[in-house]
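A short worksheet on the structure shown next.
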Amino acid sequence: MESPIDGVNVNRMQDEAAYICDSCGEEIVVPLDLSAGSVQKYVEDCPVCCCPNVIHVEMDEDGGARVWSEGE
């Protein structure tokens, strides 16, 4: 996300991101834990359909995040 300050775009660290549940197709917003490293993988149950998803998070040097899921 970029924010203009005095006409200059400044990148801000992301504190949340979204993935699409592999089972029900719903978009799920999750908080990002920057202290857990730049590459993360964990299992989380979908809050809509309760099916487990393997969540993948990759952080880039500018604070952006790529998040995706796959069925467990």
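Just so we're on the same page: first chain in the structure tokens is A, next is B, and so on; residues restart at 1 for each chain, and ligands are numbered from 1 in the order they show up.
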Note to self: I'd like the contact shell of A:Val43 - 10 Å cut-off, only C-alpha atoms, skipping same-chain residues fewer than 2 positions apart - returned as a PyMOL selection string.
What the structure shows: chain A and resi 41+45-46+52-56+69-72
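Distance annotation: of A:Val57, A:Cys51, A:Val67, A:Asp62, the residue with the minimal separation from A:Val39 is A:Val57; atom set is only C-alpha atoms.
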Next item on the list: Can you work out which one of A:Ala17, A:Cys50, A:Glu58, A:Gly63 has the shortest atom-to-atom distance to A:Val30, counting only C-alpha atoms?
Entry: A:Ala17
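For the residues A:Gln14, A:Tyr19, A:Glu26, A:Met59, ranking by smallest atom-to-atom distance to A:Gln40 using only C-alpha atoms places A:Met59 first.
Ranking A:Glu61, A:Ala18, A:Val29, A:Trp68 by their shortest atom-to-atom distance to A:Tyr42, with only C-alpha atoms included, puts A:Trp68 first.
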Next item on the list: Enumerate the residues of chain A with a DSSP assignment of strand (DSSP E or B), computed from the backbone, and present them as a count of residues only.
Entry: 40
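The space separating atom CA of A:Leu32 from atom CA of A:Val48 comes to 19.5 Å.
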